[in-house]
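Asks: Data file model-v9.cif (mmCIF, C-alpha atoms and all ligand atoms) is appended below.
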data_my_file
#
loop_
_atom_site.label_atom_id
_atom_site.label_comp_id
_atom_site.auth_asym_id
_atom_site.auth_seq_id
_atom_site.Cartn_x
_atom_site.Cartn_y
_atom_site.Cartn_z
CA MET A 1 108.63 13.37 -44.40
CA ARG A 2 106.19 12.76 -47.22
CA GLU A 3 107.51 10.73 -50.12
CA PHE A 4 105.46 9.24 -52.95
CA VAL A 5 105.16 8.53 -56.65
CA PHE A 6 101.83 9.25 -58.36
CA VAL A 7 101.01 7.88 -61.81
CA GLY A 8 97.56 8.82 -63.14
CA GLN A 9 95.69 6.48 -65.45
CA PRO A 10 93.82 7.74 -68.50
CA ALA A 11 90.07 7.27 -68.34
CA ARG A 12 87.13 9.46 -69.22
CA VAL A 13 84.44 9.27 -66.54
CA VAL A 14 80.90 10.50 -67.18
CA PHE A 15 78.70 10.49 -64.07
CA ALA A 16 75.02 11.45 -64.17
CA VAL A 17 71.56 10.04 -63.62
CA GLY A 18 70.47 9.04 -67.13
CA SER A 19 74.02 9.08 -68.56
CA LEU A 20 73.28 5.86 -70.49
CA ARG A 21 71.43 8.10 -72.94
CA ARG A 22 74.82 9.63 -73.86
CA LEU A 23 76.16 6.26 -74.98
CA ALA A 24 76.03 6.91 -78.73
CA ARG A 25 77.92 10.19 -78.29
CA GLU A 26 80.57 8.46 -76.19
CA VAL A 27 81.03 5.71 -78.79
CA GLU A 28 81.47 8.37 -81.45
CA ALA A 29 83.89 10.30 -79.25
CA ILE A 30 86.36 7.41 -79.22
CA GLY A 31 86.11 7.16 -82.99
CA ALA A 32 84.14 3.89 -83.07
CA ARG A 33 81.26 3.03 -85.41
CA ARG A 34 80.20 -0.50 -84.44
CA ALA A 35 79.88 -1.23 -80.74
CA LEU A 36 79.20 -4.76 -79.49
CA VAL A 37 77.20 -4.66 -76.24
CA LEU A 38 78.30 -7.25 -73.65
CA CYS A 39 76.18 -8.51 -70.75
CA THR A 40 75.22 -11.57 -68.71
CA PRO A 41 72.10 -13.52 -69.74
CA GLN A 42 70.34 -11.95 -66.70
CA GLN A 43 70.92 -8.42 -68.00
CA ALA A 44 69.98 -8.96 -71.64
CA ASP A 45 67.13 -6.43 -71.40
CA VAL A 46 69.27 -3.51 -70.25
CA ALA A 47 71.90 -4.47 -72.87
CA GLN A 48 69.21 -4.47 -75.56
CA ALA A 49 68.12 -1.01 -74.40
CA ALA A 50 71.73 0.16 -74.74
CA SER A 51 71.95 -1.40 -78.20
CA ASP A 52 68.72 0.37 -79.21
CA LEU A 53 70.17 3.69 -78.04
CA LEU A 54 73.16 3.08 -80.30
CA GLY A 55 70.98 2.53 -83.36
CA PRO A 56 73.17 2.03 -86.46
CA ALA A 57 76.31 2.19 -84.28
CA SER A 58 75.32 -1.09 -82.60
CA ALA A 59 76.88 -4.39 -83.63
CA GLY A 60 74.31 -6.22 -81.50
CA VAL A 61 74.31 -7.83 -78.05
CA PHE A 62 76.54 -10.65 -76.80
CA SER A 63 74.98 -12.01 -73.62
CA GLY A 64 77.60 -14.63 -72.74
CA ALA A 65 79.35 -12.97 -69.78
CA GLU A 66 79.90 -15.37 -66.87
CA MET A 67 81.40 -15.25 -63.39
CA HIS A 68 85.21 -15.49 -63.25
CA VAL A 69 85.54 -15.03 -67.05
CA PRO A 70 86.08 -18.63 -68.22
CA ILE A 71 88.52 -18.76 -71.14
CA GLU A 72 85.83 -20.46 -73.27
CA ALA A 73 83.48 -17.47 -72.78
CA ALA A 74 86.34 -15.09 -73.61
CA ARG A 75 87.12 -17.03 -76.81
CA ARG A 76 83.45 -17.01 -77.87
CA ALA A 77 83.20 -13.28 -77.24
CA ARG A 78 86.43 -12.51 -79.10
CA GLN A 79 85.29 -14.54 -82.09
CA HIS A 80 81.84 -12.94 -82.08
CA ALA A 81 83.34 -9.44 -81.88
CA SER A 82 85.52 -10.18 -84.87
CA GLU A 83 82.67 -11.81 -86.89
CA VAL A 84 80.39 -8.80 -86.46
CA GLY A 85 83.21 -6.36 -87.20
CA ALA A 86 83.02 -4.59 -83.83
CA ASP A 87 85.47 -1.73 -83.36
CA CYS A 88 84.51 -1.18 -79.71
CA ALA A 89 82.75 -3.06 -76.90
CA VAL A 90 80.27 -1.68 -74.40
CA ALA A 91 80.35 -3.76 -71.20
CA ILE A 92 77.14 -3.18 -69.27
CA GLY A 93 76.93 -5.02 -65.93
CA GLY A 94 79.05 -5.93 -62.93
CA GLY A 95 82.65 -7.04 -62.56
CA SER A 96 82.06 -10.22 -64.55
CA THR A 97 80.84 -8.38 -67.65
CA VAL A 98 83.54 -5.73 -67.43
CA GLY A 99 85.97 -8.64 -67.02
CA LEU A 100 84.74 -10.15 -70.28
CA GLY A 101 85.33 -6.81 -72.02
CA LYS A 102 88.86 -6.77 -70.63
CA ALA A 103 89.49 -10.31 -71.88
CA ILE A 104 88.55 -9.17 -75.40
CA ALA A 105 90.69 -6.04 -75.12
CA LEU A 106 93.66 -8.02 -73.84
CA GLU A 107 93.94 -9.91 -77.10
CA SER A 108 92.57 -7.47 -79.66
CA GLY A 109 93.16 -4.04 -78.14
CA LEU A 110 89.45 -3.28 -78.77
CA PRO A 111 88.51 -0.13 -76.81
CA ILE A 112 86.02 -0.72 -74.00
CA ILE A 113 83.28 1.56 -72.73
CA ALA A 114 82.17 0.31 -69.32
CA VAL A 115 78.71 0.92 -67.88
CA PRO A 116 78.82 -0.52 -64.34
CA THR A 117 75.62 -1.71 -62.69
CA THR A 118 77.20 -2.91 -59.40
CA TYR A 119 79.75 -1.30 -57.08
CA ALA A 120 82.65 -3.77 -57.66
CA GLY A 121 84.93 -1.17 -59.28
CA SER A 122 86.56 -3.25 -62.03
CA GLU A 123 85.80 -0.53 -64.61
CA MET A 124 88.49 1.74 -63.11
CA THR A 125 91.33 -0.80 -63.09
CA PRO A 126 93.80 -2.23 -65.59
CA ILE A 127 93.50 -5.60 -63.78
CA TYR A 128 92.10 -8.56 -65.71
CA GLY A 129 91.30 -12.13 -64.68
CA ILE A 130 90.65 -15.17 -66.89
CA THR A 131 89.89 -18.68 -65.62
CA GLU A 132 91.43 -21.61 -67.44
CA ALA A 133 91.16 -25.23 -66.24
CA GLY A 134 89.79 -24.03 -62.90
CA VAL A 135 92.67 -21.61 -62.25
CA LYS A 136 92.07 -17.85 -62.37
CA LYS A 137 95.04 -15.98 -63.78
CA THR A 138 95.17 -12.27 -63.15
CA GLY A 139 97.39 -9.59 -64.59
CA ARG A 140 97.74 -5.86 -65.00
CA GLU A 141 97.77 -4.39 -68.50
CA LEU A 142 96.92 -0.81 -69.41
CA ARG A 143 95.29 -1.87 -72.70
CA VAL A 144 92.36 -3.48 -70.79
CA LEU A 145 91.53 -0.29 -68.87
CA PRO A 146 88.16 0.97 -70.18
CA ARG A 147 88.58 4.13 -72.25
CA THR A 148 85.32 5.61 -71.02
CA VAL A 149 83.16 4.81 -68.01
CA LEU A 150 79.51 5.86 -67.93
CA TYR A 151 78.18 5.88 -64.38
CA ASP A 152 74.39 5.99 -64.36
CA PRO A 153 72.81 5.53 -60.90
CA GLU A 154 69.51 4.58 -62.56
CA LEU A 155 71.07 1.28 -63.66
CA SER A 156 71.77 0.11 -60.12
CA GLN A 157 68.29 1.09 -58.91
CA HIS A 158 67.11 -2.52 -59.12
CA LEU A 159 70.27 -4.16 -57.81
CA PRO A 160 68.78 -6.15 -54.90
CA VAL A 161 69.60 -4.66 -51.49
CA PRO A 162 71.61 -7.68 -50.19
CA MET A 163 73.74 -7.60 -53.34
CA SER A 164 74.08 -3.82 -53.19
CA VAL A 165 75.38 -4.08 -49.63
CA VAL A 166 78.04 -6.73 -50.25
CA SER A 167 79.04 -5.14 -53.54
CA GLY A 168 79.48 -1.79 -51.77
CA ILE A 169 81.54 -3.33 -48.97
CA ASN A 170 83.66 -5.06 -51.64
CA ALA A 171 84.40 -1.55 -52.94
CA ILE A 172 85.13 -0.28 -49.42
CA ALA A 173 87.73 -3.07 -49.11
CA HIS A 174 89.68 -1.67 -52.09
CA ALA A 175 89.82 1.75 -50.46
CA ALA A 176 90.63 0.43 -46.98
CA GLU A 177 93.67 -1.48 -48.26
CA GLY A 178 94.60 1.45 -50.48
CA LEU A 179 94.98 3.56 -47.34
CA TYR A 180 97.89 1.41 -46.16
CA ALA A 181 99.28 0.42 -49.57
CA GLN A 182 103.04 0.21 -49.90
CA ASP A 183 102.82 2.42 -53.01
CA GLY A 184 100.05 4.64 -51.63
CA ASN A 185 99.95 8.38 -52.24
CA PRO A 186 97.99 11.36 -50.88
CA VAL A 187 95.64 11.60 -53.86
CA MET A 188 94.54 7.98 -53.54
CA SER A 189 94.21 8.32 -49.76
CA MET A 190 91.82 11.26 -50.18
CA MET A 191 89.81 9.32 -52.74
CA ALA A 192 89.78 6.24 -50.50
CA GLN A 193 88.49 8.07 -47.43
CA GLU A 194 85.82 9.91 -49.43
CA GLY A 195 84.84 6.68 -51.22
CA ILE A 196 84.32 4.82 -47.94
CA ARG A 197 82.34 7.74 -46.52
CA ALA A 198 80.06 7.97 -49.56
CA LEU A 199 79.45 4.22 -49.62
CA ALA A 200 78.77 3.92 -45.88
CA GLN A 201 76.24 6.77 -46.14
CA GLY A 202 74.76 5.56 -49.44
CA LEU A 203 74.37 1.92 -48.37
CA ARG A 204 72.57 2.91 -45.17
CA ALA A 205 70.14 4.96 -47.25
CA VAL A 206 69.71 2.26 -49.92
CA ARG A 207 68.79 -0.22 -47.20
CA ARG A 208 66.06 2.16 -46.01
CA SER A 209 64.87 3.01 -49.50
CA PRO A 210 66.29 0.95 -52.39
CA GLY A 211 64.93 3.22 -55.13
CA ASP A 212 66.31 6.46 -53.60
CA MET A 213 68.30 7.91 -56.49
CA ALA A 214 70.41 10.19 -54.28
CA ALA A 215 71.46 7.14 -52.24
CA ARG A 216 72.20 5.11 -55.38
CA SER A 217 74.21 8.06 -56.65
CA ASP A 218 76.25 8.19 -53.40
CA CYS A 219 76.99 4.47 -53.69
CA LEU A 220 78.07 4.66 -57.32
CA TYR A 221 80.19 7.75 -56.64
CA GLY A 222 81.86 5.86 -53.78
CA ALA A 223 82.35 2.84 -56.04
CA TRP A 224 84.10 5.03 -58.62
CA LEU A 225 86.48 6.42 -55.99
CA CYS A 226 87.20 3.02 -54.44
CA GLY A 227 87.63 1.36 -57.85
CA SER A 228 90.13 4.08 -58.80
CA VAL A 229 92.13 3.32 -55.67
CA LEU A 230 92.22 -0.37 -56.61
CA GLY A 231 93.42 0.59 -60.07
CA HIS A 232 96.26 2.79 -58.83
CA VAL A 233 97.84 1.14 -55.79
CA GLY A 234 98.68 -2.37 -54.57
CA MET A 235 96.46 -4.46 -52.30
CA ALA A 236 97.52 -6.49 -49.25
CA LEU A 237 96.46 -9.30 -46.87
CA HIS A 238 92.71 -8.77 -47.20
CA HIS A 239 92.67 -9.17 -50.98
CA LYS A 240 95.07 -12.14 -50.80
CA LEU A 241 92.76 -13.90 -48.33
CA CYS A 242 89.67 -13.19 -50.43
CA HIS A 243 91.31 -14.42 -53.65
CA THR A 244 92.41 -17.56 -51.86
CA LEU A 245 88.99 -18.24 -50.34
CA GLY A 246 87.12 -17.36 -53.53
CA GLY A 247 89.46 -19.27 -55.84
CA SER A 248 89.97 -22.45 -53.81
CA PHE A 249 86.61 -22.81 -52.05
CA GLU A 250 84.33 -21.13 -54.59
CA LEU A 251 82.97 -18.70 -52.03
CA PRO A 252 80.91 -15.82 -53.46
CA HIS A 253 83.18 -12.85 -54.26
CA ALA A 254 81.55 -9.83 -52.66
CA GLN A 255 80.22 -11.73 -49.61
CA THR A 256 83.73 -13.05 -48.90
CA HIS A 257 85.12 -9.50 -48.96
CA THR A 258 82.36 -8.40 -46.61
CA VAL A 259 83.09 -11.08 -44.02
CA VAL A 260 86.89 -10.93 -44.12
CA LEU A 261 87.45 -7.15 -44.17
CA PRO A 262 86.94 -6.36 -40.45
CA HIS A 263 89.28 -9.21 -39.49
CA ALA A 264 92.00 -8.21 -41.96
CA LEU A 265 91.81 -4.64 -40.64
CA ALA A 266 92.03 -5.82 -37.03
CA TYR A 267 95.12 -7.83 -38.00
CA ASN A 268 96.77 -4.77 -39.58
CA ALA A 269 95.50 -2.13 -37.14
CA ALA A 270 98.66 -1.62 -35.07
CA ALA A 271 100.86 -1.57 -38.19
CA ALA A 272 98.78 1.06 -40.02
CA PRO A 273 97.32 3.40 -37.37
CA GLN A 274 96.80 6.42 -39.66
CA ALA A 275 94.85 4.35 -42.18
CA MET A 276 92.63 3.05 -39.36
CA VAL A 277 91.86 6.58 -38.16
CA ARG A 278 90.78 7.57 -41.67
CA ILE A 279 88.66 4.43 -42.19
CA ALA A 280 86.96 4.87 -38.80
CA ALA A 281 86.21 8.54 -39.55
CA ALA A 282 84.77 7.60 -42.95
CA VAL A 283 82.49 4.94 -41.46
CA GLY A 284 81.53 7.22 -38.56
CA ALA A 285 82.74 4.81 -35.86
CA PRO A 286 85.41 4.95 -33.14
CA ASP A 287 87.35 2.02 -34.63
CA ALA A 288 87.91 0.80 -38.21
CA ALA A 289 87.59 -2.98 -37.75
CA THR A 290 84.64 -3.01 -35.36
CA GLY A 291 83.07 -0.12 -37.28
CA LEU A 292 83.01 -2.18 -40.48
CA PHE A 293 81.83 -5.31 -38.68
CA ASP A 294 78.96 -3.33 -37.16
CA LEU A 295 78.17 -1.69 -40.50
CA ALA A 296 77.86 -5.12 -42.17
CA ARG A 297 75.61 -6.33 -39.35
CA GLU A 298 73.48 -3.16 -39.44
CA LEU A 299 73.04 -3.62 -43.21
CA GLY A 300 72.02 -7.27 -42.85
CA ALA A 301 75.11 -8.65 -44.60
CA PRO A 302 76.78 -11.96 -43.71
CA THR A 303 79.47 -11.69 -41.02
CA ALA A 304 80.74 -15.29 -40.88
CA LEU A 305 82.48 -17.47 -43.47
CA ARG A 306 80.43 -20.44 -42.28
CA GLU A 307 77.27 -18.60 -43.43
CA ILE A 308 78.56 -18.35 -47.00
CA GLY A 309 79.67 -21.93 -47.57
CA MET A 310 83.19 -22.18 -46.10
CA PRO A 311 83.86 -25.66 -44.66
CA ARG A 312 85.62 -25.51 -41.29
CA GLU A 313 88.05 -28.24 -42.34
CA GLY A 314 89.20 -26.00 -45.21
CA LEU A 315 90.64 -23.33 -42.90
CA GLN A 316 94.06 -25.00 -42.55
CA ARG A 317 94.39 -25.26 -46.33
CA ALA A 318 93.29 -21.62 -46.70
CA LEU A 319 96.01 -20.63 -44.23
CA GLU A 320 98.69 -22.53 -46.16
CA LEU A 321 97.58 -20.93 -49.43
CA ALA A 322 97.51 -17.45 -47.91
CA LEU A 323 101.07 -17.88 -46.65
CA ALA A 324 102.30 -19.08 -50.05
CA ASN A 325 103.23 -16.21 -52.43
CA PRO A 326 101.93 -13.57 -50.01
CA TYR A 327 101.22 -9.98 -51.08
CA TRP A 328 103.13 -7.21 -49.32
CA ASN A 329 101.37 -6.38 -46.03
CA PRO A 330 101.98 -3.67 -43.41
CA ARG A 331 102.20 -6.32 -40.68
CA PRO A 332 104.33 -9.40 -41.32
CA LEU A 333 102.32 -12.58 -41.83
CA GLN A 334 102.36 -14.76 -38.71
CA ALA A 335 100.86 -18.22 -39.07
CA ASP A 336 99.34 -18.42 -35.57
CA ALA A 337 97.76 -14.96 -35.75
CA LEU A 338 96.43 -15.65 -39.25
CA ALA A 339 94.95 -18.96 -38.09
CA ARG A 340 93.09 -17.01 -35.36
CA LEU A 341 91.93 -14.46 -37.94
CA LEU A 342 90.48 -17.22 -40.13
CA ASP A 343 88.85 -18.95 -37.15
CA ASP A 344 87.23 -15.68 -36.07
CA ALA A 345 86.07 -14.88 -39.61
CA TRP A 346 84.64 -18.38 -39.97
CA ALA A 347 82.68 -18.14 -36.73
CA GLY A 348 81.68 -14.49 -37.19
CA VAL A 349 83.30 -13.22 -33.98
CA ARG A 350 83.30 -9.41 -33.66
CA PRO A 351 86.98 -8.37 -33.94
CA GLN A 352 88.71 -6.93 -30.82
P1 LIG A 401 78.86 -9.94 -61.20
O1 LIG A 401 79.32 -9.06 -62.29
O2 LIG A 401 79.35 -11.36 -61.19
O3 LIG A 401 77.28 -9.89 -61.17
C1 LIG A 401 76.54 -10.81 -60.38
C2 LIG A 401 75.12 -10.96 -60.93
O4 LIG A 401 74.38 -9.76 -60.72
C3 LIG A 401 75.08 -11.22 -62.43
O5 LIG A 401 74.11 -12.19 -62.70
C4 LIG A 401 74.66 -9.88 -63.01
O6 LIG A 401 74.00 -10.01 -64.22
C5 LIG A 401 73.74 -9.35 -61.91
N1 LIG A 401 73.61 -7.90 -61.88
C6 LIG A 401 74.59 -6.99 -62.08
N2 LIG A 401 74.10 -5.74 -61.96
C7 LIG A 401 72.78 -5.86 -61.68
C8 LIG A 401 71.73 -4.92 -61.45
N3 LIG A 401 71.95 -3.61 -61.44
N4 LIG A 401 70.49 -5.40 -61.18
C9 LIG A 401 70.26 -6.73 -61.14
N5 LIG A 401 71.23 -7.67 -61.36
C10 LIG A 401 72.47 -7.23 -61.62
O7 LIG A 401 79.23 -9.35 -59.74
P2 LIG A 401 80.25 -8.23 -59.27
O8 LIG A 401 80.30 -8.35 -57.79
O9 LIG A 401 79.94 -6.92 -59.88
O10 LIG A 401 81.64 -8.68 -59.87
C11 LIG A 401 82.40 -9.72 -59.30
C12 LIG A 401 83.51 -10.12 -60.25
O11 LIG A 401 84.26 -8.99 -60.62
C13 LIG A 401 84.48 -11.09 -59.60
O12 LIG A 401 84.82 -12.12 -60.55
C14 LIG A 401 85.71 -10.24 -59.31
O13 LIG A 401 86.92 -10.97 -59.34
C15 LIG A 401 85.64 -9.21 -60.42
N6 LIG A 401 86.28 -7.94 -60.05
C16 LIG A 401 87.36 -7.56 -60.78
C17 LIG A 401 87.99 -6.37 -60.49
C18 LIG A 401 89.17 -5.94 -61.31
O14 LIG A 401 89.72 -4.89 -61.09
N7 LIG A 401 89.58 -6.72 -62.27
C19 LIG A 401 87.53 -5.56 -59.45
C20 LIG A 401 86.41 -5.97 -58.72
C21 LIG A 401 85.78 -7.17 -59.03
#
Would you put the structure from the file into structure tokens?
Ligand code: NAD

Replies:
Amino acid sequence: MREFVFVGQPARVVFAVGSLRRLAREVEAIGARRALVLCTPQQADVAQAASDLLGPASAGVFSGAEMHVPIEAARRARQHASEVGADCAVAIGGGSTVGLGKAIALESGLPIIAVPTTYAGSEMTPIYGITEAGVKKTGRELRVLPRTVLYDPELSQHLPVPMSVVSGINAIAHAAEGLYAQDGNPVMSMMAQEGIRALAQGLRAVRRSPGDMAARSDCLYGAWLCGSVLGHVGMALHHKLCHTLGGSFELPHAQTHTVVLPHALAYNAAAAPQAMVRIAAAVGAPDAATGLFDLARELGAPTALREIGMPREGLQRALELALANPYWNPRPLQADALARLLDDAWAGVRPQ
């Protein structure tokens, strides 16, 4: 019999090509008057355009967002926001920039408007991460959840195809694990399946034609759904492995998700058969794990950890870390099977 608990999270989502032009109205709608625009140094031009759209409601641009949200960057941003009297922050960029907004909100409660330009999905979650002395601490706090999210497919139009692909598969990973989450529910499962479907379709079309706005729109729509799943339900083995590999071996975030996902799904397949059926259907393949491996290969993404900088001699350490403080997982963690998983992911073997 069905049994679940569903807790919705408050967020206003505005989705439209050109929605960035509604930014000033959205700032006003949350009762703010001075919005500080956050970005990475690479995205200073789009942040400046957003600041220009805000006119007198802009408190300027802070272009100090960095990967993994170092505590020093968070402190600089918090201080700058307070010096310029910002009463809201607009985070325009990928997961790193949204993460910087969350780090400000965590301390000050400043409301965040997120304008995502990748498919990572952080904008829909109350999860934050801050790196101090080389260690990334993560937590869940409703006050960091962006109040409003503006999805504008035009902004991801120039996201390079290789990055679009791995970013999109990173999003698919949230949905795939959401389908077998311990605290899963039917609403999130519907969103997860539809999110994977939209991303698989959108990424194939983006690879053919990177500027195709309908394809970009499909990808961003999928990213919204998959990010929502990440925000609402718990993750399992796949996310634990990726955090371990990313945190301890400095592997690139989205590429690591892309390589590991088919192997984590193969590991969990027998323990979560209904989730696998839904993932396979969404990808349009007979099997979830091989379907995602083939999708990554078709899209030209990396399929082996050795391709993205993982040293073979680090695998044993990665295994030990993955077994320490494990997340809940549908299949119990078995050291020998996990060692095989890591070996296969390192070599890029197509899962069975
Ligand atoms: P990112 O934010 O680190 O961006 C990577 C680079 O791409 C940056 O230089 C950025 O300026 C550039 N970029 C972004 N959008 C672009 C565009 N449209 N065109 C050209 N360049 C663009 O990468 P990401 O994959 O979006 O985010 C990864 C980070 O987000 C990781 O640290 C991860 O832990 C975090 N994350 C957090 C959550 C959460 O819920 N807290 C969820 C997913 C990811």

Asks: List as a PyMOL selection string the protein and nucleic acid residues lying within 6 Å of ligand LIG 401 (chain A), with all atoms listed in the file counted.

Replies: chain A and resi 40+42-43+67-68+93-97+117-118+120-122+125+127-128+155-156+158-159+167+253-254

Asks: Can you tell me, as a VMD selection string, which residues sit within 10 Å of (89.9, -1.2, -66.8) in the file's frame, using only C-alpha atoms?

Replies: chain A and resid 9 to 11 98 to 99 101 to 102 105 112 to 114 121 to 128 140 to 149 227 to 228 231

Asks: Under the rule of at most 7 Å, produce a per-residue listing of region 97-208 of chain A near region 266-288 of chain A: chain, number, name, the closest pair of atoms, and the distance in Å, as CSV, using all atoms listed in the file.

Replies:
residue,atom,partner,partner_atom,distance
A:Ala176,CA,A:Ile279,CA,6.5
A:Leu179,CA,A:Ala275,CA,5.2
A:Tyr180,CA,A:Ala275,CA,5.8
A:Gln193,CA,A:Ala282,CA,5.8
A:Glu194,CA,A:Ala282,CA,7.0
A:Ile196,CA,A:Ala282,CA,5.7
A:Arg197,CA,A:Ala282,CA,4.3
A:Ala200,CA,A:Val283,CA,5.9

Asks: Using only C-alpha atoms, determine which residues lie at most 7 Å from region 69-86 of chain A, disregarding the query and same-chain residues fewer than 5 positions distant; provide the list as number ranges by chain.

Replies: A: 34-36, 59, 64, 96, 99-100, 103-104, 129-132

Asks: Would you compute the distance between CA of Phe4 (chain A) and CA of Ala171 (chain A)? Give it in Å to one decimal.

Replies: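 CA of Ala171 (chain A) lies 23.7 Å from CA of Phe4 (chain A).
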
Asks: May I ask for the distance between CA of Thr303 (chain A) and CA of Gly348 (chain A), given in Å to one decimal place?

Replies: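 Separation of CA of Thr303 (chain A) and CA of Gly348 (chain A): 5.2 Å.
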
Asks: Kindly give the distance, in Å, that separates CA of Ala322 (chain A) and CA of Ala181 (chain A), rounded to a single decimal.

Replies: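 Interatomic distance, CA of Ala322 (chain A) to CA of Ala181 (chain A): 18.0 Å.
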
Asks: Of the candidates A:Ala304, A:Leu20, A:Leu241, A:Val259, which one gets nearest to Asp152 (chain A) if we count only C-alpha atoms?

Replies: A:Leu20

Asks: Considering only C-alpha atoms, state which residue in the set A:Leu341, A:Ala89, A:Ala49, A:Gly247 is at the smallest distance from Thr138 (chain A).

Replies: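 Smallest separation from Thr138 (chain A) among the options: A:Gly247.
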
Asks: Given 5 Å on each side, where is the centre and what are the edge lengths in Å to one decimal of the axis-aligned box enclosing the listed atoms of region 105-114 of chain A, as AutoDock Vina command-line options?

Replies:
--center_x 88.1 --center_y -4.2 --center_z -74.5 --size_x 21.8 --size_y 21.5 --size_z 20.3

Asks: Of the candidates A:Ala173, A:Ala337, A:Leu261, A:Leu150, which shows the shortest atom-to-atom distance to Arg350 (chain A), using only C-alpha atoms?

Replies: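 When distances to Arg350 (chain A) are compared using only C-alpha atoms, the smallest one comes from A:Leu261.
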
Asks: Please determine, counting all atoms listed in the file, which residue among A:Val46, A:Met235, A:Ala29, A:Leu199 has the shortest atom-to-atom distance to Gly222 (chain A).

Replies: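 Among the listed residues, the smallest separation from Gly222 (chain A) belongs to A:Leu199.
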
Asks: Within 9 Å of (91.2, -18.7, -42.1) (file coordinates; all atoms listed in the file), which protein or nucleic acid residues are there? I'd like them as a list in words.

Replies: Leu241, Leu245, Leu305, Arg312, Gly314, Leu315, Gln316, Arg317, Ala318, Leu319, Ala322, Leu338, Ala339, Arg340, Leu341, Leu342, Asp343, Asp344, Ala345 and Trp346 of chain A

Asks: Which residues are close to Ile308 (chain A), i.e. within 8 Å by all atoms listed in the file, leaving aside same-chain residues fewer than 5 positions away? Reply as a VMD selection string.

Replies: chain A and resid 251 to 252 255 to 256 302
